[in-house]
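Single-structure report; data block below.
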Amino acid sequence: MAARVDERKRAVGFAAVDRYVRDRTCIGLGTGSTAYWAIERVGERVAAGERIVAVATSRETERLCRERSIPLVELMDEEIAVALDGADEVAADLALIKGGGGALFREKAVALAARLFVVIVTEEKLVQRVGNYPLPVEVVPFSATYVTREIEAIAPVSVSRRGGATPFVTDNANWILDCRFGPIDDPAHLDELLRAIHGVVTSGLFVDLADEVLVAGPNGVRSL
Ligand code: 5RP
């Protein structure tokens with residue numbers, strides 16, 4: 001089973017690069033086990049002589065790019081023609097939950113800056129409404145307890161600090177709160193409420209950001 005899922009991730013990562021990435025462009029590269037395959041394919045094309053540069057959404061992606069000699073630039077050094085990234089859940093209206101790997105802040109920064117944001121997933125990630133996957137919320141550590149109280153005041157929700165007593169620390173030196181809302185009726189509104197809490201850096205709700213979703217299933221890769 002695991003090997004089959006990995007093969008689909010490879011197929012969708014490769015397909016996204018081959019469909020959307022052009023020579024002599026700057027691209028955004030996501031984080032996670034599906035984005036890994038897009039990085040791999042970009043590495044092959046760079047090795048073949050194409051001049052593609054990338055903004056990485058995490059230190060781990062930076063490391064993978066360096067290993068493959070993909071030149072890195074900073075956010076806004078160059079226009080990002082397309083950003084490619086995975087997701088934890090994709091709803092019918094293309095609302096996403098992201099941040100399972102804890103890279104949500106940079107992932108959202110890159111998605112916002114890119115001309116085109118292409119999401120790459122296996123079909124298990126498709127849902128009617130986002131929210132069954134625990135929603136990651138990045139918080140400034142000093143305010144984590146206050147933010148937890150404020151989130152619990154929004155809705156009946158279980159909030160847990162990722163890593164528990166040994167908190168998971170993001171690339172921005174913050175913590176992640178995983179929030180189990182269940183199916184979310186209005187993700188845009190919830191994202192606004194969360195981001196208005198002092199101490200919240202961002203939420204893993206990506207609403208009106210995805211331009212294209214490529215889905216890998218048993219019969220190959222299709223657009224949603
Ligand atoms: C990392 C992310 C990932 O894109 C998301 O968790 C999906 O990862 P994977 O492709 O490994 O399932 O948002 O912060």
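To be explicit about the labels: the chains of the structure tokens are called A, B, and onward in the order shown, and within each one the residues are counted from 1, while ligands get numbers from 1 in the order they are shown.
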Polymer residues at most 12 Å from stretch 49-54 of chain A, only C-alpha atoms, same-chain spacing of 5 or more positions, as a PyMOL selection string
chain A and resi 17+21-30+38-39+41-44+61-62+64-66+68-84+110+114
Residues up to 9 Å from ligand 1, counting only C-alpha atoms and all ligand atoms: could you list those as a PyMOL selection string?
chain A and resi 9+30-36+57-58+85-89+97-107+119-122+125+136+204
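For A:Ala144, the residues within 12 Å (counting only C-alpha atoms, excluding itself and residues fewer than 4 positions away along the chain) are Val137, Glu138, Val139, Val140, Thr148, Arg149, Glu150, Ile151, Val159, Ser160, Arg161, Arg162, Pro167, Asn174, Trp175, Ile176, Leu177, Asp178, Ile197, His198, Gly199, Val200 and Val201 of chain A.
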Next, write the just-selected residues to a file, as a PDB file, in the first residue's frame, keeping C-alpha atoms as the atom set.
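Dumped to selection-v4.pdb:
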```pdb
ATOM      1  CA  VAL A 137      -2.161  27.129  13.650  1.00  0.00           C
ATOM      2  CA  GLU A 138       1.327  28.666  14.003  1.00  0.00           C
ATOM      3  CA  VAL A 139       1.690  30.701  17.188  1.00  0.00           C
ATOM      4  CA  VAL A 140       4.310  32.789  18.946  1.00  0.00           C
ATOM      5  CA  THR A 148      -5.459  28.244  22.948  1.00  0.00           C
ATOM      6  CA  ARG A 149      -8.087  29.908  25.199  1.00  0.00           C
ATOM      7  CA  GLU A 150      -9.189  32.253  22.400  1.00  0.00           C
ATOM      8  CA  ILE A 151      -9.496  29.425  19.851  1.00  0.00           C
ATOM      9  CA  VAL A 159      -6.522  22.189  20.727  1.00  0.00           C
ATOM     10  CA  SER A 160      -3.207  20.451  21.320  1.00  0.00           C
ATOM     11  CA  ARG A 161       0.324  21.716  21.136  1.00  0.00           C
ATOM     12  CA  ARG A 162       2.246  19.727  18.519  1.00  0.00           C
ATOM     13  CA  PRO A 167       7.105  21.374  21.325  1.00  0.00           C
ATOM     14  CA  ASN A 174       7.262  29.349  16.602  1.00  0.00           C
ATOM     15  CA  TRP A 175       4.997  26.525  17.802  1.00  0.00           C
ATOM     16  CA  ILE A 176       2.075  24.728  16.169  1.00  0.00           C
ATOM     17  CA  LEU A 177      -1.351  24.205  17.742  1.00  0.00           C
ATOM     18  CA  ASP A 178      -3.343  21.398  16.101  1.00  0.00           C
ATOM     19  CA  ILE A 197      -6.046  36.525  17.672  1.00  0.00           C
ATOM     20  CA  HIS A 198      -2.936  38.240  18.985  1.00  0.00           C
ATOM     21  CA  GLY A 199      -0.158  35.651  18.894  1.00  0.00           C
ATOM     22  CA  VAL A 200      -1.393  33.754  15.839  1.00  0.00           C
ATOM     23  CA  VAL A 201       1.119  33.923  13.000  1.00  0.00           C
TER      24      VAL A 201
END
```
Might you pull out every residue within 12 Å of A:Asn219, with only C-alpha atoms counted and same-chain residues fewer than 2 positions away left off, and present them as a PyMOL selection string?
chain A and resi 8+11-12+122-123+215-217+221-222
Write a file of the just-selected residues containing N, CA and C atoms, as a short mmCIF file (atom, residue, chain, number, x, y, z; two decimals), in the first residue's frame.
```cif
data_model
loop_
_atom_site.label_atom_id
_atom_site.label_comp_id
_atom_site.auth_asym_id
_atom_site.auth_seq_id
_atom_site.Cartn_x
_atom_site.Cartn_y
_atom_site.Cartn_z
N ARG A 8 2.10 7.16 -6.70
CA ARG A 8 1.16 8.22 -7.11
C ARG A 8 1.74 9.60 -6.80
N ALA A 11 4.14 10.36 -9.44
CA ALA A 11 3.47 10.68 -10.72
C ALA A 11 2.93 12.11 -10.71
N VAL A 12 2.32 12.52 -9.62
CA VAL A 12 1.69 13.85 -9.59
C VAL A 12 2.76 14.94 -9.47
N THR A 122 -2.57 13.13 -3.68
CA THR A 122 -3.18 11.84 -4.02
C THR A 122 -4.66 11.93 -3.63
N GLU A 123 -5.47 11.08 -4.21
CA GLU A 123 -6.92 11.30 -4.08
C GLU A 123 -7.44 11.12 -2.65
N VAL A 215 -4.52 15.72 -9.13
CA VAL A 215 -4.83 14.60 -8.23
C VAL A 215 -4.34 13.31 -8.86
N ALA A 216 -3.60 12.53 -8.08
CA ALA A 216 -3.15 11.23 -8.56
C ALA A 216 -4.04 10.14 -8.00
N GLY A 217 -4.60 9.34 -8.89
CA GLY A 217 -5.43 8.21 -8.50
C GLY A 217 -4.98 6.97 -9.23
N VAL A 221 -3.05 10.81 -13.42
CA VAL A 221 -3.12 12.16 -12.84
C VAL A 221 -4.18 12.95 -13.58
N ARG A 222 -5.07 13.61 -12.82
CA ARG A 222 -6.12 14.42 -13.45
C ARG A 222 -6.19 15.77 -12.74
#
```
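Distance annotation: of A:Ala109, A:Asp6, A:Thr170, A:Leu135, the residue with the minimal separation from A:Leu96 is A:Leu135; atom set is only C-alpha atoms.
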Provide the atom CA of A:Glu212 to atom CA of A:Tyr20 distance in Å, to one decimal place.
10.3 Å
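Between atom CA of A:Ala92 and atom CA of A:Leu224 lies a distance of 8.5 Å.
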Out of A:Leu94, A:Leu209, A:Ala16, A:Ala155, which residue has the shortest atom-to-atom distance to A:Phe117 when counting only C-alpha atoms?
A:Leu209
Stretch 77-181 of chain A: which residues are strand (DSSP E) by DSSP, as a ChimeraX atom specification?
/A:80-85,89-90,96-97,117-122,135-139,158-161,175-180
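For the choices A:Arg59, A:Asn132, A:Phe14, A:Val118, the atom-to-atom distance to A:Val213 is smallest for A:Val118 when using only C-alpha atoms.
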Can you check which residues of chain A DSSP gives as alpha helix (DSSP H) on the backbone and send them as number ranges by chain?
A: 2-20, 35-47, 59-67, 104-113, 144-154, 187-195
Give me a file of those residues, with C-alpha atoms, as a PDB file, in the first residue's frame.
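File produced: again04.pdb:
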```pdb
ATOM      1  CA  ALA A   2       2.731   2.475   1.010  1.00  0.00           C
ATOM      2  CA  ALA A   3       4.678   1.766  -2.189  1.00  0.00           C
ATOM      3  CA  ARG A   4       1.551   2.422  -4.300  1.00  0.00           C
ATOM      4  CA  VAL A   5       0.871   5.774  -2.593  1.00  0.00           C
ATOM      5  CA  ASP A   6       4.494   6.796  -3.141  1.00  0.00           C
ATOM      6  CA  GLU A   7       4.209   5.939  -6.839  1.00  0.00           C
ATOM      7  CA  ARG A   8       1.164   8.219  -7.112  1.00  0.00           C
ATOM      8  CA  LYS A   9       3.027  10.996  -5.317  1.00  0.00           C
ATOM      9  CA  ARG A  10       5.879  10.623  -7.757  1.00  0.00           C
ATOM     10  CA  ALA A  11       3.470  10.678 -10.717  1.00  0.00           C
ATOM     11  CA  VAL A  12       1.695  13.853  -9.595  1.00  0.00           C
ATOM     12  CA  GLY A  13       4.918  15.635  -8.624  1.00  0.00           C
ATOM     13  CA  PHE A  14       6.505  14.880 -11.975  1.00  0.00           C
ATOM     14  CA  ALA A  15       3.317  15.757 -13.898  1.00  0.00           C
ATOM     15  CA  ALA A  16       3.058  19.147 -12.188  1.00  0.00           C
ATOM     16  CA  VAL A  17       6.638  20.071 -13.065  1.00  0.00           C
ATOM     17  CA  ASP A  18       6.280  18.889 -16.645  1.00  0.00           C
ATOM     18  CA  ARG A  19       2.984  20.758 -17.136  1.00  0.00           C
ATOM     19  CA  TYR A  20       3.674  24.021 -15.348  1.00  0.00           C
ATOM     20  CA  ALA A  35       6.356  18.074  -3.048  1.00  0.00           C
ATOM     21  CA  TYR A  36       9.518  15.947  -2.691  1.00  0.00           C
ATOM     22  CA  TRP A  37       8.842  14.459  -6.115  1.00  0.00           C
ATOM     23  CA  ALA A  38       8.376  17.857  -7.731  1.00  0.00           C
ATOM     24  CA  ILE A  39      11.762  18.849  -6.287  1.00  0.00           C
ATOM     25  CA  GLU A  40      13.238  15.641  -7.654  1.00  0.00           C
ATOM     26  CA  ARG A  41      11.909  16.377 -11.169  1.00  0.00           C
ATOM     27  CA  VAL A  42      13.111  20.006 -11.076  1.00  0.00           C
ATOM     28  CA  GLY A  43      16.518  18.643 -10.049  1.00  0.00           C
ATOM     29  CA  GLU A  44      16.559  16.403 -13.118  1.00  0.00           C
ATOM     30  CA  ARG A  45      15.730  19.331 -15.387  1.00  0.00           C
ATOM     31  CA  VAL A  46      18.353  21.570 -13.803  1.00  0.00           C
ATOM     32  CA  ALA A  47      20.894  18.764 -14.258  1.00  0.00           C
ATOM     33  CA  ARG A  59      14.643  24.462   5.534  1.00  0.00           C
ATOM     34  CA  GLU A  60      14.059  20.845   4.539  1.00  0.00           C
ATOM     35  CA  THR A  61      13.140  21.910   1.004  1.00  0.00           C
ATOM     36  CA  GLU A  62      16.198  24.185   0.918  1.00  0.00           C
ATOM     37  CA  ARG A  63      18.302  21.168   1.840  1.00  0.00           C
ATOM     38  CA  LEU A  64      16.718  19.009  -0.878  1.00  0.00           C
ATOM     39  CA  CYS A  65      17.262  21.780  -3.443  1.00  0.00           C
ATOM     40  CA  ARG A  66      20.921  22.190  -2.477  1.00  0.00           C
ATOM     41  CA  GLU A  67      21.453  18.413  -2.774  1.00  0.00           C
ATOM     42  CA  LEU A 104       2.480  26.568   6.700  1.00  0.00           C
ATOM     43  CA  PHE A 105       3.767  30.120   7.150  1.00  0.00           C
ATOM     44  CA  ARG A 106       6.333  29.988   4.354  1.00  0.00           C
ATOM     45  CA  GLU A 107       4.056  27.847   2.211  1.00  0.00           C
ATOM     46  CA  LYS A 108       1.334  30.503   2.425  1.00  0.00           C
ATOM     47  CA  ALA A 109       3.848  33.298   1.803  1.00  0.00           C
ATOM     48  CA  VAL A 110       5.016  31.586  -1.383  1.00  0.00           C
ATOM     49  CA  ALA A 111       1.485  30.705  -2.540  1.00  0.00           C
ATOM     50  CA  LEU A 112       0.386  34.332  -2.045  1.00  0.00           C
ATOM     51  CA  ALA A 113       3.361  35.682  -4.003  1.00  0.00           C
ATOM     52  CA  ALA A 144       0.426  29.847  23.056  1.00  0.00           C
ATOM     53  CA  THR A 145      -1.773  29.428  26.147  1.00  0.00           C
ATOM     54  CA  TYR A 146      -3.664  32.672  25.500  1.00  0.00           C
ATOM     55  CA  VAL A 147      -4.205  31.680  21.857  1.00  0.00           C
ATOM     56  CA  THR A 148      -5.459  28.244  22.948  1.00  0.00           C
ATOM     57  CA  ARG A 149      -8.087  29.908  25.199  1.00  0.00           C
ATOM     58  CA  GLU A 150      -9.189  32.253  22.400  1.00  0.00           C
ATOM     59  CA  ILE A 151      -9.496  29.425  19.851  1.00  0.00           C
ATOM     60  CA  GLU A 152     -11.580  27.404  22.329  1.00  0.00           C
ATOM     61  CA  ALA A 153     -13.891  30.419  22.623  1.00  0.00           C
ATOM     62  CA  ILE A 154     -14.569  30.361  18.852  1.00  0.00           C
ATOM     63  CA  PRO A 187     -13.094  28.341   6.101  1.00  0.00           C
ATOM     64  CA  ALA A 188     -12.477  31.961   4.995  1.00  0.00           C
ATOM     65  CA  HIS A 189     -14.317  33.305   8.051  1.00  0.00           C
ATOM     66  CA  LEU A 190     -12.573  30.897  10.430  1.00  0.00           C
ATOM     67  CA  ASP A 191      -9.178  31.856   8.965  1.00  0.00           C
ATOM     68  CA  GLU A 192     -10.012  35.546   9.603  1.00  0.00           C
ATOM     69  CA  LEU A 193     -11.082  34.832  13.194  1.00  0.00           C
ATOM     70  CA  LEU A 194      -7.921  32.854  13.891  1.00  0.00           C
ATOM     71  CA  ARG A 195      -5.561  35.404  12.356  1.00  0.00           C
TER      72      ARG A 195
END
```
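Across the structure, atom CA of A:Asn172 and atom CA of A:Pro141 are spaced 10.9 Å apart.
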